[in-house]
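Q: Okay, so here is model_34.pdb, and as you'll see once you scroll down, it has PDB, C-alpha atoms.
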ATOM      1  CA  MET A   1      -5.671  -2.054 -24.657
ATOM      2  CA  GLN A   2      -4.712  -4.566 -21.959
ATOM      3  CA  PRO A   3      -4.279  -2.665 -18.655
ATOM      4  CA  THR A   4      -1.282  -3.239 -16.427
ATOM      5  CA  PHE A   5      -1.837  -3.398 -12.674
ATOM      6  CA  VAL A   6       1.021  -1.726 -10.782
ATOM      7  CA  LEU A   7       0.969  -2.950  -7.168
ATOM      8  CA  VAL A   8       2.490  -0.919  -4.313
ATOM      9  CA  HIS A   9       3.117  -2.554  -0.943
ATOM     10  CA  GLY A  10       2.714  -1.177   2.572
ATOM     11  CA  ALA A  11       5.074  -0.675   5.510
ATOM     12  CA  PHE A  12       7.727  -3.335   6.233
ATOM     13  CA  SER A  13       6.505  -5.234   3.179
ATOM     14  CA  ASN A  14       7.726  -5.783  -0.380
ATOM     15  CA  SER A  15       6.717  -7.112  -3.767
ATOM     16  CA  PHE A  16       6.824 -10.706  -2.488
ATOM     17  CA  SER A  17       3.561 -10.192  -0.605
ATOM     18  CA  PHE A  18       1.709  -9.791  -3.906
ATOM     19  CA  ALA A  19       2.706 -13.192  -5.349
ATOM     20  CA  PRO A  20      -0.640 -14.922  -4.596
ATOM     21  CA  LEU A  21      -2.616 -11.946  -5.954
ATOM     22  CA  GLN A  22      -0.483 -11.809  -9.092
ATOM     23  CA  ALA A  23      -1.028 -15.522  -9.643
ATOM     24  CA  GLU A  24      -4.791 -15.050  -9.362
ATOM     25  CA  LEU A  25      -4.743 -12.023 -11.667
ATOM     26  CA  GLY A  26      -2.650 -13.941 -14.178
ATOM     27  CA  LEU A  27      -5.084 -16.842 -14.178
ATOM     28  CA  LEU A  28      -7.843 -14.337 -14.927
ATOM     29  CA  GLY A  29      -5.827 -13.035 -17.875
ATOM     30  CA  HIS A  30      -4.479  -9.839 -16.359
ATOM     31  CA  ARG A  31      -0.988  -8.334 -16.454
ATOM     32  CA  SER A  32       0.585  -7.026 -13.257
ATOM     33  CA  VAL A  33       3.817  -5.604 -11.880
ATOM     34  CA  ALA A  34       4.656  -5.641  -8.171
ATOM     35  CA  VAL A  35       6.875  -2.791  -7.023
ATOM     36  CA  ASP A  36       9.661  -2.819  -4.450
ATOM     37  CA  LEU A  37      10.009   0.713  -3.096
ATOM     38  CA  PRO A  38      13.569   1.893  -2.295
ATOM     39  CA  GLY A  39      15.078  -0.080   0.574
ATOM     40  CA  HIS A  40      12.589  -2.904   0.130
ATOM     41  CA  GLY A  41      12.712  -6.366  -1.388
ATOM     42  CA  PHE A  42      16.272  -7.292  -2.348
ATOM     43  CA  GLY A  43      17.251  -3.723  -1.470
ATOM     44  CA  ALA A  44      16.390  -4.328   2.195
ATOM     45  CA  THR A  45      18.880  -4.801   5.018
ATOM     46  CA  TYR A  46      18.934  -8.153   6.800
ATOM     47  CA  THR A  47      21.859  -8.150   9.216
ATOM     48  CA  ARG A  48      23.445 -11.249  10.740
ATOM     49  CA  SER A  49      22.216  -9.997  14.101
ATOM     50  CA  TYR A  50      18.667 -10.570  12.808
ATOM     51  CA  GLN A  51      19.395 -14.258  12.306
ATOM     52  CA  VAL A  52      19.018 -16.908  15.019
ATOM     53  CA  PRO A  53      20.456 -16.837  17.607
ATOM     54  CA  GLN A  54      19.772 -13.128  17.491
ATOM     55  CA  ASP A  55      22.205 -10.471  18.636
ATOM     56  CA  LEU A  56      19.743  -7.912  19.984
ATOM     57  CA  ALA A  57      22.440  -5.395  20.852
ATOM     58  CA  GLY A  58      23.783  -5.509  17.322
ATOM     59  CA  LEU A  59      20.303  -5.355  15.836
ATOM     60  CA  ALA A  60      19.662  -2.153  17.779
ATOM     61  CA  THR A  61      22.686  -0.356  16.341
ATOM     62  CA  GLU A  62      23.615  -1.704  12.903
ATOM     63  CA  PRO A  63      22.866   0.627   9.963
ATOM     64  CA  GLY A  64      20.130   0.007   7.423
ATOM     65  CA  SER A  65      19.927   0.829   3.720
ATOM     66  CA  ILE A  66      16.554   2.534   4.085
ATOM     67  CA  LYS A  67      18.000   5.339   6.237
ATOM     68  CA  GLY A  68      17.374   8.670   4.525
ATOM     69  CA  VAL A  69      14.819   7.326   2.053
ATOM     70  CA  THR A  70      11.971   9.814   1.697
ATOM     71  CA  LEU A  71       8.433   9.767   0.391
ATOM     72  CA  ALA A  72       9.734  11.799  -2.559
ATOM     73  CA  ASP A  73      12.224   8.988  -3.309
ATOM     74  CA  ASN A  74       9.417   6.443  -3.219
ATOM     75  CA  ALA A  75       7.257   8.540  -5.538
ATOM     76  CA  ALA A  76      10.094   9.104  -8.007
ATOM     77  CA  HIS A  77      10.816   5.368  -8.105
ATOM     78  CA  LEU A  78       7.149   4.566  -8.676
ATOM     79  CA  ILE A  79       6.838   7.203 -11.410
ATOM     80  CA  GLY A  80       9.703   5.552 -13.280
ATOM     81  CA  ILE A  81       7.823   2.254 -13.238
ATOM     82  CA  LEU A  82       4.557   3.934 -14.264
ATOM     83  CA  GLU A  83       6.306   5.554 -17.244
ATOM     84  CA  ARG A  84       7.461   2.159 -18.484
ATOM     85  CA  ALA A  85       4.088   0.497 -17.855
ATOM     86  CA  LYS A  86       2.197   3.281 -19.636
ATOM     87  CA  GLN A  87       4.074   2.512 -22.855
ATOM     88  CA  ASN A  88       2.084  -0.730 -23.055
ATOM     89  CA  GLY A  89      -1.407   0.640 -22.472
ATOM     90  CA  PRO A  90      -3.661   1.715 -19.603
ATOM     91  CA  VAL A  91      -2.258   1.613 -16.059
ATOM     92  CA  ILE A  92      -4.201   0.795 -12.906
ATOM     93  CA  LEU A  93      -2.229   1.777  -9.813
ATOM     94  CA  VAL A  94      -3.114  -0.339  -6.761
ATOM     95  CA  SER A  95      -1.765   0.529  -3.316
ATOM     96  CA  HIS A  96      -2.131  -1.024   0.110
ATOM     97  CA  SER A  97      -1.794   0.545   3.559
ATOM     98  CA  ARG A  98       1.211   2.906   3.762
ATOM     99  CA  GLY A  99       1.740   2.438   0.031
ATOM    100  CA  GLY A 100      -1.219   4.743  -0.501
ATOM    101  CA  MET A 101       0.942   7.706   0.467
ATOM    102  CA  THR A 102       3.378   6.904  -2.355
ATOM    103  CA  ALA A 103       0.537   6.317  -4.820
ATOM    104  CA  THR A 104      -1.010   9.669  -3.895
ATOM    105  CA  ALA A 105       2.292  11.522  -4.256
ATOM    106  CA  ALA A 106       2.863   9.940  -7.671
ATOM    107  CA  ALA A 107      -0.691  10.786  -8.754
ATOM    108  CA  ASN A 108      -0.183  14.379  -7.661
ATOM    109  CA  ALA A 109       2.940  14.606  -9.809
ATOM    110  CA  ARG A 110       1.994  12.559 -12.895
ATOM    111  CA  PRO A 111      -1.738  12.003 -13.321
ATOM    112  CA  ASP A 112      -1.130  11.423 -17.023
ATOM    113  CA  LEU A 113       0.477   8.063 -16.240
ATOM    114  CA  ILE A 114      -2.461   6.609 -14.294
ATOM    115  CA  ASP A 115      -5.806   5.524 -15.744
ATOM    116  CA  ARG A 116      -7.250   4.514 -12.369
ATOM    117  CA  VAL A 117      -5.898   4.616  -8.833
ATOM    118  CA  VAL A 118      -7.069   1.963  -6.374
ATOM    119  CA  TYR A 119      -6.623   2.168  -2.610
ATOM    120  CA  VAL A 120      -6.965  -1.111  -0.709
ATOM    121  CA  SER A 121      -7.388  -0.013   2.908
ATOM    122  CA  ALA A 122      -4.673   2.504   2.117
ATOM    123  CA  TRP A 123      -3.719   5.997   3.194
ATOM    124  CA  CYS A 124      -4.848   8.825   0.940
ATOM    125  CA  PRO A 125      -4.486  11.933   3.109
ATOM    126  CA  VAL A 126      -6.673  14.907   2.213
ATOM    127  CA  ASP A 127      -7.488  17.125   5.207
ATOM    128  CA  LEU A 128      -4.597  16.125   7.498
ATOM    129  CA  ASP A 129      -1.067  14.791   7.318
ATOM    130  CA  VAL A 130      -0.948  11.022   7.863
ATOM    131  CA  SER A 131       0.697  11.330  11.282
ATOM    132  CA  ASP A 132      -2.103  13.635  12.462
ATOM    133  CA  TYR A 133      -4.854  11.142  11.625
ATOM    134  CA  TYR A 134      -3.549   8.907  14.421
ATOM    135  CA  ALA A 135      -4.841  11.432  16.971
ATOM    136  CA  GLU A 136      -8.329  11.388  15.452
ATOM    137  CA  PRO A 137     -11.306   9.439  16.912
ATOM    138  CA  GLU A 138     -11.397   7.063  13.927
ATOM    139  CA  MET A 139      -7.993   5.676  14.960
ATOM    140  CA  ALA A 140      -8.774   5.372  18.674
ATOM    141  CA  THR A 141      -9.099   1.587  18.511
ATOM    142  CA  VAL A 142      -5.696   1.056  16.918
ATOM    143  CA  ASP A 143      -2.988  -0.401  19.150
ATOM    144  CA  ALA A 144      -0.286   2.036  18.094
ATOM    145  CA  ALA A 145       2.113   0.667  20.729
ATOM    146  CA  SER A 146       2.119  -2.885  19.342
ATOM    147  CA  LEU A 147       5.189  -2.315  17.153
ATOM    148  CA  GLY A 148       6.969  -0.989  20.213
ATOM    149  CA  LEU A 149       6.786  -4.441  21.792
ATOM    150  CA  ALA A 150       9.419  -5.596  19.311
ATOM    151  CA  LEU A 151      11.145  -2.293  18.556
ATOM    152  CA  ALA A 152      14.888  -2.611  17.986
ATOM    153  CA  GLY A 153      17.004   0.446  18.658
ATOM    154  CA  ASN A 154      16.192   4.133  18.768
ATOM    155  CA  PRO A 155      14.584   5.357  15.516
ATOM    156  CA  ALA A 156      16.082   8.829  15.977
ATOM    157  CA  GLU A 157      19.589   7.361  16.221
ATOM    158  CA  LEU A 158      19.156   4.729  13.511
ATOM    159  CA  GLY A 159      17.375   7.103  11.134
ATOM    160  CA  LEU A 160      14.784   4.416  10.456
ATOM    161  CA  LEU A 161      12.133   2.350  12.194
ATOM    162  CA  ARG A 162      13.344  -1.182  13.005
ATOM    163  CA  VAL A 163      11.065  -3.926  14.332
ATOM    164  CA  ASN A 164      12.182  -7.418  15.264
ATOM    165  CA  PHE A 165       9.511  -9.468  13.510
ATOM    166  CA  ARG A 166      11.441 -12.617  14.392
ATOM    167  CA  THR A 167      10.788 -12.052  18.079
ATOM    168  CA  ALA A 168       9.564 -14.934  20.238
ATOM    169  CA  ASN A 169       7.783 -12.518  22.588
ATOM    170  CA  PRO A 170       4.261 -13.996  22.848
ATOM    171  CA  GLU A 171       2.725 -10.611  23.687
ATOM    172  CA  ALA A 172       4.225  -9.019  20.588
ATOM    173  CA  LEU A 173       3.205 -11.916  18.351
ATOM    174  CA  ALA A 174      -0.353 -11.827  19.676
ATOM    175  CA  ALA A 175      -0.534  -8.072  19.056
ATOM    176  CA  PHE A 176       0.798  -8.474  15.512
ATOM    177  CA  LYS A 177      -1.707 -11.201  14.701
ATOM    178  CA  ALA A 178      -4.588  -9.150  16.113
ATOM    179  CA  GLY A 179      -3.526  -6.133  14.069
ATOM    180  CA  PHE A 180      -2.595  -7.772  10.787
ATOM    181  CA  LEU A 181      -4.312 -11.136  10.308
ATOM    182  CA  ALA A 182      -6.722 -11.937  13.128
ATOM    183  CA  ASP A 183      -8.869 -13.979  10.747
ATOM    184  CA  GLY A 184      -5.983 -16.121   9.519
ATOM    185  CA  THR A 185      -4.562 -19.318  10.939
ATOM    186  CA  ASP A 186      -1.445 -19.201  13.098
ATOM    187  CA  GLU A 187       0.462 -20.806  10.232
ATOM    188  CA  GLU A 188      -0.719 -18.184   7.728
ATOM    189  CA  PHE A 189       0.156 -15.413  10.169
ATOM    190  CA  LEU A 190       3.694 -16.665  10.849
ATOM    191  CA  THR A 191       4.301 -17.284   7.152
ATOM    192  CA  PHE A 192       3.264 -13.732   6.287
ATOM    193  CA  LEU A 193       5.240 -12.301   9.210
ATOM    194  CA  ASN A 194       8.357 -13.956   7.822
ATOM    195  CA  THR A 195       7.948 -12.032   4.562
ATOM    196  CA  PHE A 196       8.201  -8.752   6.483
ATOM    197  CA  GLN A 197      11.491  -6.899   6.542
ATOM    198  CA  PRO A 198      12.697  -5.286   9.774
ATOM    199  CA  ASP A 199      13.325  -1.734   8.540
ATOM    200  CA  GLU A 200      10.997   1.032   7.342
ATOM    201  CA  ASN A 201      11.735   4.656   6.519
ATOM    202  CA  LEU A 202      10.514   7.447   8.765
ATOM    203  CA  ASP A 203       9.228  10.003   6.248
ATOM    204  CA  VAL A 204       5.426  10.109   5.911
ATOM    205  CA  GLY A 205       5.335  13.350   3.944
ATOM    206  CA  THR A 206       3.880  16.785   4.614
ATOM    207  CA  SER A 207       0.763  18.734   3.687
ATOM    208  CA  ALA A 208       2.238  19.130   0.199
ATOM    209  CA  ASP A 209       1.846  15.366  -0.268
ATOM    210  CA  ARG A 210      -1.893  15.283   0.400
ATOM    211  CA  ALA A 211      -4.248  14.576  -2.509
ATOM    212  CA  GLN A 212      -4.450  17.546  -4.871
ATOM    213  CA  ALA A 213      -7.716  18.248  -6.675
ATOM    214  CA  GLU A 214      -6.139  19.578  -9.867
ATOM    215  CA  THR A 215      -3.966  16.488 -10.471
ATOM    216  CA  TRP A 216      -4.870  13.485  -8.295
ATOM    217  CA  GLY A 217      -8.484  14.599  -8.539
ATOM    218  CA  ARG A 218      -8.586  14.072 -12.320
ATOM    219  CA  ILE A 219      -7.925  10.330 -12.067
ATOM    220  CA  PRO A 220     -10.795   7.812 -11.734
ATOM    221  CA  LYS A 221     -10.422   6.308  -8.278
ATOM    222  CA  THR A 222     -11.577   3.262  -6.384
ATOM    223  CA  TYR A 223     -11.450   2.486  -2.671
ATOM    224  CA  LEU A 224     -11.527  -1.155  -1.671
ATOM    225  CA  ARG A 225     -12.642  -1.240   1.962
ATOM    226  CA  LEU A 226     -11.507  -4.087   4.212
ATOM    227  CA  ALA A 227     -14.385  -4.559   6.622
ATOM    228  CA  ASP A 228     -12.480  -6.267   9.448
ATOM    229  CA  ASP A 229      -9.259  -4.260   9.333
ATOM    230  CA  THR A 230      -8.020  -3.235  12.790
ATOM    231  CA  SER A 231      -4.779  -1.596  11.581
ATOM    232  CA  LEU A 232      -6.647   0.868   9.370
ATOM    233  CA  PRO A 233     -10.173   0.643  10.804
ATOM    234  CA  LEU A 234     -13.249   0.971   8.655
ATOM    235  CA  ALA A 235     -14.000   4.310  10.322
ATOM    236  CA  ILE A 236     -10.790   5.891   9.020
ATOM    237  CA  GLN A 237     -11.176   4.240   5.613
ATOM    238  CA  ASP A 238     -14.626   5.811   5.341
ATOM    239  CA  ARG A 239     -13.308   9.179   6.473
ATOM    240  CA  LEU A 240     -10.635   9.114   3.760
ATOM    241  CA  ILE A 241     -13.327   8.271   1.212
ATOM    242  CA  ARG A 242     -15.530  11.168   2.412
ATOM    243  CA  GLU A 243     -12.631  13.615   2.317
ATOM    244  CA  GLY A 244     -11.637  12.528  -1.178
ATOM    245  CA  ASN A 245     -15.209  12.857  -2.420
ATOM    246  CA  ALA A 246     -15.495  16.325  -0.883
ATOM    247  CA  LEU A 247     -12.267  17.352  -2.600
ATOM    248  CA  THR A 248     -13.477  16.161  -6.021
ATOM    249  CA  PRO A 249     -17.287  15.878  -5.880
ATOM    250  CA  ASP A 250     -17.500  15.411  -9.649
ATOM    251  CA  ASN A 251     -15.117  12.463  -9.453
ATOM    252  CA  PRO A 252     -16.095  10.426  -6.371
ATOM    253  CA  TYR A 253     -14.629   7.117  -5.304
ATOM    254  CA  ASP A 254     -16.005   3.912  -6.731
ATOM    255  CA  VAL A 255     -16.290   1.929  -3.474
ATOM    256  CA  HIS A 256     -16.163  -1.826  -2.918
ATOM    257  CA  THR A 257     -16.013  -3.797   0.324
ATOM    258  CA  LEU A 258     -14.371  -7.117   1.150
ATOM    259  CA  ALA A 259     -14.619  -9.041   4.370
ATOM    260  CA  GLY A 260     -11.332  -9.597   6.127
ATOM    261  CA  SER A 261      -8.407  -8.140   8.017
ATOM    262  CA  HIS A 262      -5.513  -5.963   6.861
ATOM    263  CA  LEU A 263      -3.674  -8.855   5.200
ATOM    264  CA  LYS A 264      -6.415 -11.401   4.502
ATOM    265  CA  TRP A 265      -7.004 -10.093   0.972
ATOM    266  CA  LEU A 266      -3.385 -11.026   0.149
ATOM    267  CA  VAL A 267      -3.598 -14.474   1.736
ATOM    268  CA  ASP A 268      -6.918 -15.203  -0.002
ATOM    269  CA  PRO A 269      -6.701 -12.996  -3.105
ATOM    270  CA  ALA A 270      -9.511 -14.355  -5.295
ATOM    271  CA  PRO A 271     -12.222 -11.865  -4.168
ATOM    272  CA  ALA A 272      -9.914  -8.870  -4.633
ATOM    273  CA  ALA A 273      -8.732 -10.180  -8.000
ATOM    274  CA  ARG A 274     -12.334 -10.364  -9.210
ATOM    275  CA  VAL A 275     -12.927  -6.722  -8.252
ATOM    276  CA  LEU A 276      -9.702  -5.651  -9.925
ATOM    277  CA  GLY A 277     -10.684  -7.596 -13.013
ATOM    278  CA  GLU A 278     -13.896  -5.597 -13.225
ATOM    279  CA  LEU A 279     -11.854  -2.405 -13.048
ATOM    280  CA  ALA A 280      -9.619  -3.643 -15.843
ATOM    281  CA  ALA A 281     -12.698  -4.074 -18.031
ATOM    282  CA  LEU A 282     -13.709  -0.482 -17.273
ATOM    283  CA  ALA A 283     -10.218   0.733 -18.216
ATOM    284  CA  ARG A 284     -10.347  -1.177 -21.511
ATOM    285  CA  ASP A 285     -13.773   0.254 -22.325
ATOM    286  CA  ARG A 286     -12.607   3.763 -21.480
ATOM    287  CA  GLU A 287      -9.513   3.394 -23.664
ATOM    288  CA  ALA A 288     -11.655   2.066 -26.519
ATOM    289  CA  GLU A 289     -13.929   5.091 -26.282
ATOM    290  CA  PHE A 290     -10.940   7.447 -26.410
ATOM    291  CA  ALA A 291      -9.503   5.564 -29.377
ATOM    292  CA  ALA A 292     -12.821   5.753 -31.234
ATOM    293  CA  ASP A 293     -13.100   9.461 -30.481
ATOM    294  CA  ARG A 294      -9.564  10.091 -31.790
ATOM    295  CA  HIS A 295     -10.392   8.128 -34.931
ATOM    296  CA  VAL A 296     -13.506  10.218 -35.593
ATOM    297  CA  ARG A 297     -11.557  13.414 -35.150
TER     298      ARG A 297
END
Translate the structure of the given file into structure tokens.

A:
Amino acid sequence: MQPTFVLVHGAFSNSFSFAPLQAELGLLGHRSVAVDLPGHGFGATYTRSYQVPQDLAGLATEPGSIKGVTLADNAAHLIGILERAKQNGPVILVSHSRGGMTATAAANARPDLIDRVVYVSAWCPVDLDVSDYYAEPEMATVDAASLGLALAGNPAELGLLRVNFRTANPEALAAFKAGFLADGTDEEFLTFLNTFQPDENLDVGTSADRAQAETWGRIPKTYLRLADDTSLPLAIQDRLIREGNALTPDNPYDVHTLAGSHLKWLVDPAPAARVLGELAALARDREAEFAADRHVR
């Protein structure tokens, strides 16, 4: 009856970013598993050219393990983890940022493995493909060029997106802090930045990977809004919530809001852990009701 939280990271990130949240969840008595998507975590590429002193020419050309990884690969990897977690009881799938695309694709394919899906300022495309949302008014305030300030190499030639997060460029660092952790200290920001990996895959899926009413739409769902997020502004978070509710009006989002930027909830995880704990209680109650109903039958 004890739910398992399965945590899915965003772009350029990995399971390491969830360590403070997992500690807080554990202290509250909850079980969790942090996922490394293909090409992430210890599967990431860190070349010698990325070390100091950096070889920028080499960094721009050296191959990366994430080349060719697709959204379908991410979803298949996640489904394998969900299958194992489901053997132990209810599963609550929690995704952040770009990880929402993988969570949505997995929910489309295997809704039977997920007892609740939670999006924390995460992408859950409904009406448009993710890339098309960037041209919408809700994303007008996003500094989409900030990653370009530290871009390494040509994505088309590398077959991946590579960003030099170890740059000393003050303009790039200021843009990253404003976009990711404006409400954190400089020390917190640099610490988090050093958990980022340089490479990310290019595939963001197609219209076939948008939320599907007949599968994704059957799963109880929660959206945890981050009120001060400038990477995924509140306006686009609210639009995704509205679109999801319109797709499944009989199964609307359960919505919660936390103060803070895109990464603050991971630096200071106690408020998010409390919300997730409440969702775990709901999952236990729901499982108990099903068990009682099966017993009666």

Q: List, as a PyMOL selection string, every residue that the PyMOL selection byres ((chain A and resi 28-37) around 7) selects in the file provided.

A: chain A and resi 3-8+14-15+18+22+24-27+38-41+74+77

Q: Point out the residue among A:Ala235, A:Leu113, A:Leu224, A:Ala211 with the least atom-to-atom distance to A:Ala273, counting all atoms listed in the file.

A: A:Leu224

Q: Under the rule of at most 12 Å, produce a per-residue listing of stretch 214-283 of chain A near stretch 162-177 of chain A: chain, number, name, the closest pair of atoms, and the distance in Å, as CSV, using all atoms listed in the file.

A:
residue,atom,partner,partner_atom,distance
A:Asp229,CA,A:Lys177,CA,11.6
A:Thr230,CA,A:Lys177,CA,10.3
A:Ser231,CA,A:Phe176,CA,9.7
A:Ser261,CA,A:Lys177,CA,9.9
A:His262,CA,A:Lys177,CA,10.2
A:Leu263,CA,A:Lys177,CA,10.0
A:Lys264,CA,A:Lys177,CA,11.2

Q: With C-alpha atoms retained, export the selected residues as a CSV table (one decimal), in the frame of the given file.

A:
chain,number,residue,atom,x,y,z
A,229,ASP,CA,-9.3,-4.3,9.3
A,230,THR,CA,-8.0,-3.2,12.8
A,231,SER,CA,-4.8,-1.6,11.6
A,261,SER,CA,-8.4,-8.1,8.0
A,262,HIS,CA,-5.5,-6.0,6.9
A,263,LEU,CA,-3.7,-8.9,5.2
A,264,LYS,CA,-6.4,-11.4,4.5

Q: How far is it from atom CA of A:Ser65 to atom CA of A:Gly205, in Å with one decimal?

A: 19.2 Å

Q: Which residue is closest to A:Ala122? Choose from A:Thr257, A:Ser207, A:Thr141, A:Ser95 and count all atoms listed in the file.

A: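 Using all atoms listed in the file, A:Ala122 sits closest to A:Ser95.
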
Q: Expanded to explicit residues, what is the PyMOL selection byres ((chain A and resi 218) around 10) for this file, as a list of chain:residue names?

A: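 The output of the PyMOL selection byres ((chain A and resi 218) around 10) on this file is A:Ala107, A:Asn108, A:Pro111, A:Asp112, A:Ile114, A:Asp115, A:Arg116, A:Gln212, A:Ala213, A:Glu214, A:Thr215, A:Trp216, A:Gly217, A:Ile219, A:Pro220, A:Lys221, A:Thr248, A:Asp250, A:Asn251.
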
Q: Choose the residue, out of A:Ala105, A:Ala227, A:Ala72, A:Ala19, that has the smallest atom-to-atom separation from A:Ser121; count all atoms listed in the file.

A: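 Going through A:Ala105, A:Ala227, A:Ala72, A:Ala19 one by one, the smallest distance to A:Ser121 is for A:Ala227.
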
Q: Residues within 6 Å of (-5.2, 2.3, -2.5), file coordinates, counting only C-alpha atoms: what are they? Give the list as a list of chain:residue names.

A: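 Taken together, the residues in range are A:Val94, A:Ser95, A:His96, A:Gly100, A:Val118, A:Tyr119, A:Val120, A:Ala122.
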
Q: Could you state which residues are captured by the PyMOL selection byres ((chain A and resi 123-137) around 7) in this file, as a ChimeraX atom specification?

A: /A:97-98,100-101,104,122,138-140,204,206-207,210-211,240,243-244

Q: Using all atoms listed in the file, list the residues that have an atom at most 7 Å from (-3.6, -2.0, -27.2), coordinates as in the file, as a tab-separated table (two decimals) with C-alpha atoms, in the coordinates of the input.

A:
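To be explicit, this is the file written out as selection.tsv:
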chain	number	residue	atom	x	y	z
A	1	MET	CA	-5.67	-2.05	-24.66
A	2	GLN	CA	-4.71	-4.57	-21.96
A	89	GLY	CA	-1.41	0.64	-22.47

Q: Quick one: distance from atom CA of A:Ala57 to atom CA of A:Leu160 in Å, one decimal?

A: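 We find that atom CA of A:Ala57 and atom CA of A:Leu160 lie 16.2 Å from each other.
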
Q: Measuring atom to atom with only C-alpha atoms, identify which of A:Lys86, A:Arg284, A:Arg242, A:His256 is nearest to A:Thr222.

A: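 Distance minimum relative to A:Thr222 lands on A:His256.
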
Q: Could you check how far atom CA of A:Leu181 sits from atom CA of A:Trp265, in Å to one decimal?

A: 9.8 Å

Q: With all atoms listed in the file as the basis for distance, which of A:Val142, A:Leu21, A:Leu202, A:Ala272 is at the shortest distance from A:Pro233?

A: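 Ranking A:Val142, A:Leu21, A:Leu202, A:Ala272 by distance to A:Pro233, first place goes to A:Val142.
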